[in-house]
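Worksheet: the structure to be examined is printed underneath.
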Amino acid sequence: MNLQDAIKQAIRDIPDFPKPGIIFKDITPLFYDQKLCTRIVDEFIARLDKKPDAIVGIESRGLLFGFLLANKLDIPFVLVRKAGKLPYKTISHEYDLEYGSAKIEMHEDALQKGWNVIIHDDLLATGGTAEAAGNLVKKLGANVLGFNFVIGLDFLYGEKKLINHSNNITCLVHF
Ligand code: AMP
């Protein structure tokens, strides 16, 4: 089976999670299939125009393939987490949600100036979280080489928010 079909077959739709009206894309069954995980990581690598200096993974599901990808590329992996979770000195960025706001953080020594990084998350919805991660990368003087996601929800037009950072945006499957 081709990779796109294999991913789509494995992902589960969970209606009304975590709140009414949301159809949650559950990627946990992907992790039951280690061969599929290897194909996913290899596909992310095949789609890179050039080797990045680091992968930046977004809490929480962006840490899973993000770390596998960095490790296979033999480059550093950097965590972006919700405010208050990282133990060392952090930089932070606050961004607007549909209702209210959210804050994400990165360790201040995580990236070197001039590095070219790929920002990774499991799913691109409105793009607010990945855009905010791009702002953290820039605060440390590094560059956003591109973004990659397992899933893109095209009807939310998240790509529009990301093109200020980079128009190199990869989603392995689209809904
Ligand atoms: P956004 O900032 O709107 O692009 O939201 C992206 C983040 O929210 C990602 O980390 C996703 O894991 C999560 N997310 C948003 N919508 C969904 C959904 N329908 N199914 C699964 N995860 C979602």
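Residues in the structure tokens are numbered from 1 in each chain, the chains being A, B, ... in the order shown, and ligands are numbered from 1 in the order shown.
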- request: Please report, as a list of chain:residue names, each residue of segment 31-129 of chain A to which DSSP assigns alpha helix (DSSP H) when run on this structure's backbone.
  value: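 Put together, the selection reads A:Gln34, A:Lys35, A:Leu36, A:Cys37, A:Thr38, A:Arg39, A:Ile40, A:Val41, A:Asp42, A:Glu43, A:Phe44, A:Ile45, A:Ala46, A:Gly62, A:Leu63, A:Leu64, A:Phe65, A:Gly66, A:Phe67, A:Leu68, A:Leu69, A:Ala70, A:Asn71, A:Lys72, A:Leu73, A:Gly128, A:Thr129.
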Surrounding residues as a PyMOL selection string, ligand 1, max 10 Å, only C-alpha atoms and all ligand atoms: chain A and resi 12-18+21-27+57-63+95-98+102+120-133+149+151-153+156-159+161-162
- prompt: Which polymer residues have any atom within 9 Å of an atom of segment 30-36 of chain A, counting only C-alpha atoms, with same-chain residues fewer than 2 positions away left out, as a count of residues only?
  reply: 12
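Atom CA of Asp154 of chain A is positioned 28.1 Å from atom CA of Leu73 of chain A.
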Non-local contacts of Asn148 of chain A (8 Å; only C-alpha atoms; under 2 positions in same chain excluded) as a PyMOL selection string: chain A and resi 44+118-121+146+150+169-171
Strand (DSSP E or B) call set, DSSP backbone run, chain A, as a ChimeraX atom specification: /A:12-15,23-26,54-58,77-82,90-96,101-107,116-124,143-152,169-174
- request: For Ile55 of chain A, work out the shell of residues within 12 Å, counting only C-alpha atoms and skipping chain neighbours fewer than 2 positions away, then give it as a VMD selection string.
  value: chain A and resid 44 to 45 48 51 to 53 57 to 58 62 to 80 110 to 111 115 to 121 133 to 134 137 142 to 148
Write the residues of the preceding selection, restricted to N, CA and C atoms, as a compact mmCIF listing (two decimals), in the first residue's frame.
```txt
# COMPACT_ATOMS: atom_id res chain seq x y z
N PHE A 44 9.82 11.84 5.37
CA PHE A 44 10.19 13.21 5.79
C PHE A 44 11.61 13.54 5.31
N ILE A 45 12.51 12.59 5.43
CA ILE A 45 13.91 12.82 5.03
C ILE A 45 14.00 13.00 3.51
N LEU A 48 13.20 16.51 2.23
CA LEU A 48 14.03 17.66 2.61
C LEU A 48 14.85 18.14 1.41
N LYS A 51 19.87 19.32 4.27
CA LYS A 51 19.91 18.81 5.64
C LYS A 51 19.85 19.98 6.63
N PRO A 52 18.88 19.96 7.56
CA PRO A 52 18.81 21.02 8.57
C PRO A 52 19.89 20.84 9.64
N ASP A 53 20.09 21.90 10.45
CA ASP A 53 21.04 21.80 11.56
C ASP A 53 20.38 21.21 12.80
N GLY A 57 10.78 20.12 17.73
CA GLY A 57 9.52 19.38 17.86
C GLY A 57 8.60 20.05 18.86
N ILE A 58 7.30 20.10 18.51
CA ILE A 58 6.32 20.79 19.34
C ILE A 58 5.57 19.80 20.23
N GLY A 62 4.29 16.26 18.56
CA GLY A 62 5.40 16.61 17.66
C GLY A 62 6.75 16.12 18.17
N LEU A 63 6.77 15.67 19.42
CA LEU A 63 8.03 15.17 19.98
C LEU A 63 8.32 13.75 19.50
N LEU A 64 7.32 13.05 19.02
CA LEU A 64 7.46 11.62 18.71
C LEU A 64 8.21 11.41 17.40
N PHE A 65 7.60 11.76 16.27
CA PHE A 65 8.32 11.63 15.00
C PHE A 65 9.46 12.65 14.91
N GLY A 66 9.28 13.79 15.58
CA GLY A 66 10.34 14.80 15.55
C GLY A 66 11.66 14.26 16.05
N PHE A 67 11.61 13.54 17.16
CA PHE A 67 12.86 12.99 17.72
C PHE A 67 13.42 11.87 16.84
N LEU A 68 12.55 11.00 16.34
CA LEU A 68 13.01 9.92 15.44
C LEU A 68 13.72 10.50 14.21
N LEU A 69 13.12 11.57 13.70
CA LEU A 69 13.65 12.22 12.49
C LEU A 69 15.03 12.82 12.76
N ALA A 70 15.14 13.56 13.87
CA ALA A 70 16.43 14.17 14.22
C ALA A 70 17.49 13.10 14.42
N ASN A 71 17.10 12.04 15.10
CA ASN A 71 18.07 10.99 15.41
C ASN A 71 18.55 10.30 14.14
N LYS A 72 17.64 10.05 13.20
CA LYS A 72 18.04 9.39 11.95
C LYS A 72 18.89 10.31 11.08
N LEU A 73 18.63 11.63 11.17
CA LEU A 73 19.44 12.59 10.41
C LEU A 73 20.78 12.87 11.12
N ASP A 74 20.89 12.37 12.36
CA ASP A 74 22.11 12.57 13.16
C ASP A 74 22.34 14.05 13.46
N ILE A 75 21.24 14.73 13.82
CA ILE A 75 21.31 16.16 14.18
C ILE A 75 20.58 16.36 15.51
N PRO A 76 20.81 17.52 16.18
CA PRO A 76 20.16 17.76 17.48
C PRO A 76 18.63 17.86 17.37
N PHE A 77 17.99 17.52 18.49
CA PHE A 77 16.53 17.66 18.62
C PHE A 77 16.23 18.65 19.73
N VAL A 78 15.33 19.60 19.45
CA VAL A 78 15.00 20.67 20.40
C VAL A 78 13.51 20.60 20.73
N LEU A 79 13.18 20.70 22.02
CA LEU A 79 11.79 20.63 22.45
C LEU A 79 11.17 22.02 22.61
N VAL A 80 9.96 22.18 22.05
CA VAL A 80 9.11 23.33 22.37
C VAL A 80 8.00 22.79 23.25
N ALA A 110 19.14 26.25 23.31
CA ALA A 110 18.78 25.11 22.46
C ALA A 110 19.29 25.22 21.03
N LEU A 111 19.38 26.44 20.51
CA LEU A 111 19.77 26.62 19.10
C LEU A 111 20.94 27.59 19.00
N TRP A 115 21.69 28.80 12.63
CA TRP A 115 21.25 27.44 12.29
C TRP A 115 19.98 27.49 11.44
N ASN A 116 19.86 26.51 10.55
CA ASN A 116 18.64 26.33 9.75
C ASN A 116 17.88 25.14 10.30
N VAL A 117 16.65 25.38 10.76
CA VAL A 117 15.94 24.30 11.44
C VAL A 117 14.61 23.98 10.77
N ILE A 118 14.18 22.74 10.96
CA ILE A 118 12.85 22.30 10.55
C ILE A 118 11.98 22.21 11.81
N ILE A 119 10.79 22.81 11.74
CA ILE A 119 9.83 22.72 12.84
C ILE A 119 8.87 21.57 12.53
N HIS A 120 8.71 20.68 13.49
CA HIS A 120 7.88 19.49 13.26
C HIS A 120 6.73 19.41 14.27
N ASP A 121 5.54 19.07 13.76
CA ASP A 121 4.41 18.72 14.65
C ASP A 121 3.60 17.62 13.97
N ALA A 133 6.13 28.72 17.27
CA ALA A 133 7.43 28.02 17.39
C ALA A 133 8.46 28.68 16.47
N GLY A 134 8.01 29.14 15.30
CA GLY A 134 8.90 29.86 14.39
C GLY A 134 9.43 31.14 15.02
N VAL A 137 12.24 30.27 17.37
CA VAL A 137 13.46 29.96 16.60
C VAL A 137 14.17 31.26 16.22
N ALA A 142 18.14 31.86 14.90
CA ALA A 142 18.20 30.76 13.92
C ALA A 142 17.15 31.02 12.83
N ASN A 143 17.20 30.23 11.76
CA ASN A 143 16.30 30.40 10.61
C ASN A 143 15.36 29.21 10.47
N VAL A 144 14.15 29.50 10.02
CA VAL A 144 13.19 28.42 9.75
C VAL A 144 13.36 27.97 8.30
N LEU A 145 13.92 26.77 8.16
CA LEU A 145 14.14 26.20 6.83
C LEU A 145 12.82 25.66 6.27
N GLY A 146 11.94 25.21 7.16
CA GLY A 146 10.65 24.68 6.73
C GLY A 146 9.90 24.06 7.89
N PHE A 147 8.72 23.55 7.55
CA PHE A 147 7.85 22.91 8.54
C PHE A 147 7.47 21.53 8.01
N ASN A 148 7.36 20.55 8.89
CA ASN A 148 6.73 19.31 8.43
C ASN A 148 5.76 18.74 9.45
```
message: For Ser92 of chain A, find every residue with an atom within 8 Å (counting only C-alpha atoms), except residues of its own chain fewer than 6 positions away, and show them as an MDAnalysis selection string.
response: chainID A and resid 83 103:106 136
With all heavy atoms retained, write the just-selected residues as an mmCIF file, in the first residue's frame.
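This went into result_1.cif:
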```cif
data_model
loop_
_atom_site.group_PDB
_atom_site.id
_atom_site.type_symbol
_atom_site.label_atom_id
_atom_site.label_comp_id
_atom_site.auth_asym_id
_atom_site.auth_seq_id
_atom_site.Cartn_x
_atom_site.Cartn_y
_atom_site.Cartn_z
ATOM 1 N N ALA A 83 4.227 26.573 28.495
ATOM 2 C CA ALA A 83 4.884 27.357 29.543
ATOM 3 C C ALA A 83 4.938 26.594 30.864
ATOM 4 O O ALA A 83 3.969 25.934 31.247
ATOM 5 C CB ALA A 83 4.144 28.674 29.734
ATOM 6 N N LYS A 103 0.996 30.077 25.648
ATOM 7 C CA LYS A 103 2.406 30.461 25.703
ATOM 8 C C LYS A 103 3.259 29.204 25.556
ATOM 9 O O LYS A 103 2.981 28.187 26.207
ATOM 10 C CB LYS A 103 2.662 31.109 27.064
ATOM 11 C CG LYS A 103 3.931 31.908 27.163
ATOM 12 C CD LYS A 103 3.868 32.637 28.492
ATOM 13 C CE LYS A 103 5.112 33.293 28.900
ATOM 14 N NZ LYS A 103 5.033 33.766 30.285
ATOM 15 N N ILE A 104 4.250 29.275 24.687
ATOM 16 C CA ILE A 104 5.168 28.143 24.533
ATOM 17 C C ILE A 104 6.590 28.597 24.830
ATOM 18 O O ILE A 104 6.900 29.791 24.741
ATOM 19 C CB ILE A 104 5.093 27.507 23.115
ATOM 20 C CG1 ILE A 104 5.318 28.563 22.036
ATOM 21 C CG2 ILE A 104 3.796 26.752 22.925
ATOM 22 C CD1 ILE A 104 5.497 27.969 20.652
ATOM 23 N N GLU A 105 7.436 27.647 25.158
ATOM 24 C CA GLU A 105 8.802 27.963 25.575
ATOM 25 C C GLU A 105 9.825 27.015 24.945
ATOM 26 O O GLU A 105 9.508 25.895 24.541
ATOM 27 C CB GLU A 105 8.906 27.866 27.105
ATOM 28 C CG GLU A 105 8.057 28.898 27.810
ATOM 29 C CD GLU A 105 8.169 28.867 29.322
ATOM 30 O OE1 GLU A 105 8.519 27.810 29.885
ATOM 31 O OE2 GLU A 105 7.880 29.897 29.942
ATOM 32 N N MET A 106 11.073 27.499 24.949
ATOM 33 C CA MET A 106 12.211 26.707 24.465
ATOM 34 C C MET A 106 13.394 27.061 25.371
ATOM 35 O O MET A 106 13.487 28.197 25.848
ATOM 36 C CB MET A 106 12.506 27.143 23.021
ATOM 37 C CG MET A 106 13.545 26.351 22.290
ATOM 38 S SD MET A 106 13.957 27.186 20.718
ATOM 39 C CE MET A 106 12.587 26.743 19.719
ATOM 40 N N LEU A 136 9.948 31.600 18.227
ATOM 41 C CA LEU A 136 10.978 31.202 19.205
ATOM 42 C C LEU A 136 12.316 30.954 18.503
ATOM 43 O O LEU A 136 13.370 31.362 18.981
ATOM 44 C CB LEU A 136 10.553 29.929 19.950
ATOM 45 C CG LEU A 136 9.421 30.044 20.975
ATOM 46 C CD1 LEU A 136 9.144 28.679 21.585
ATOM 47 C CD2 LEU A 136 9.762 31.051 22.064
#
```
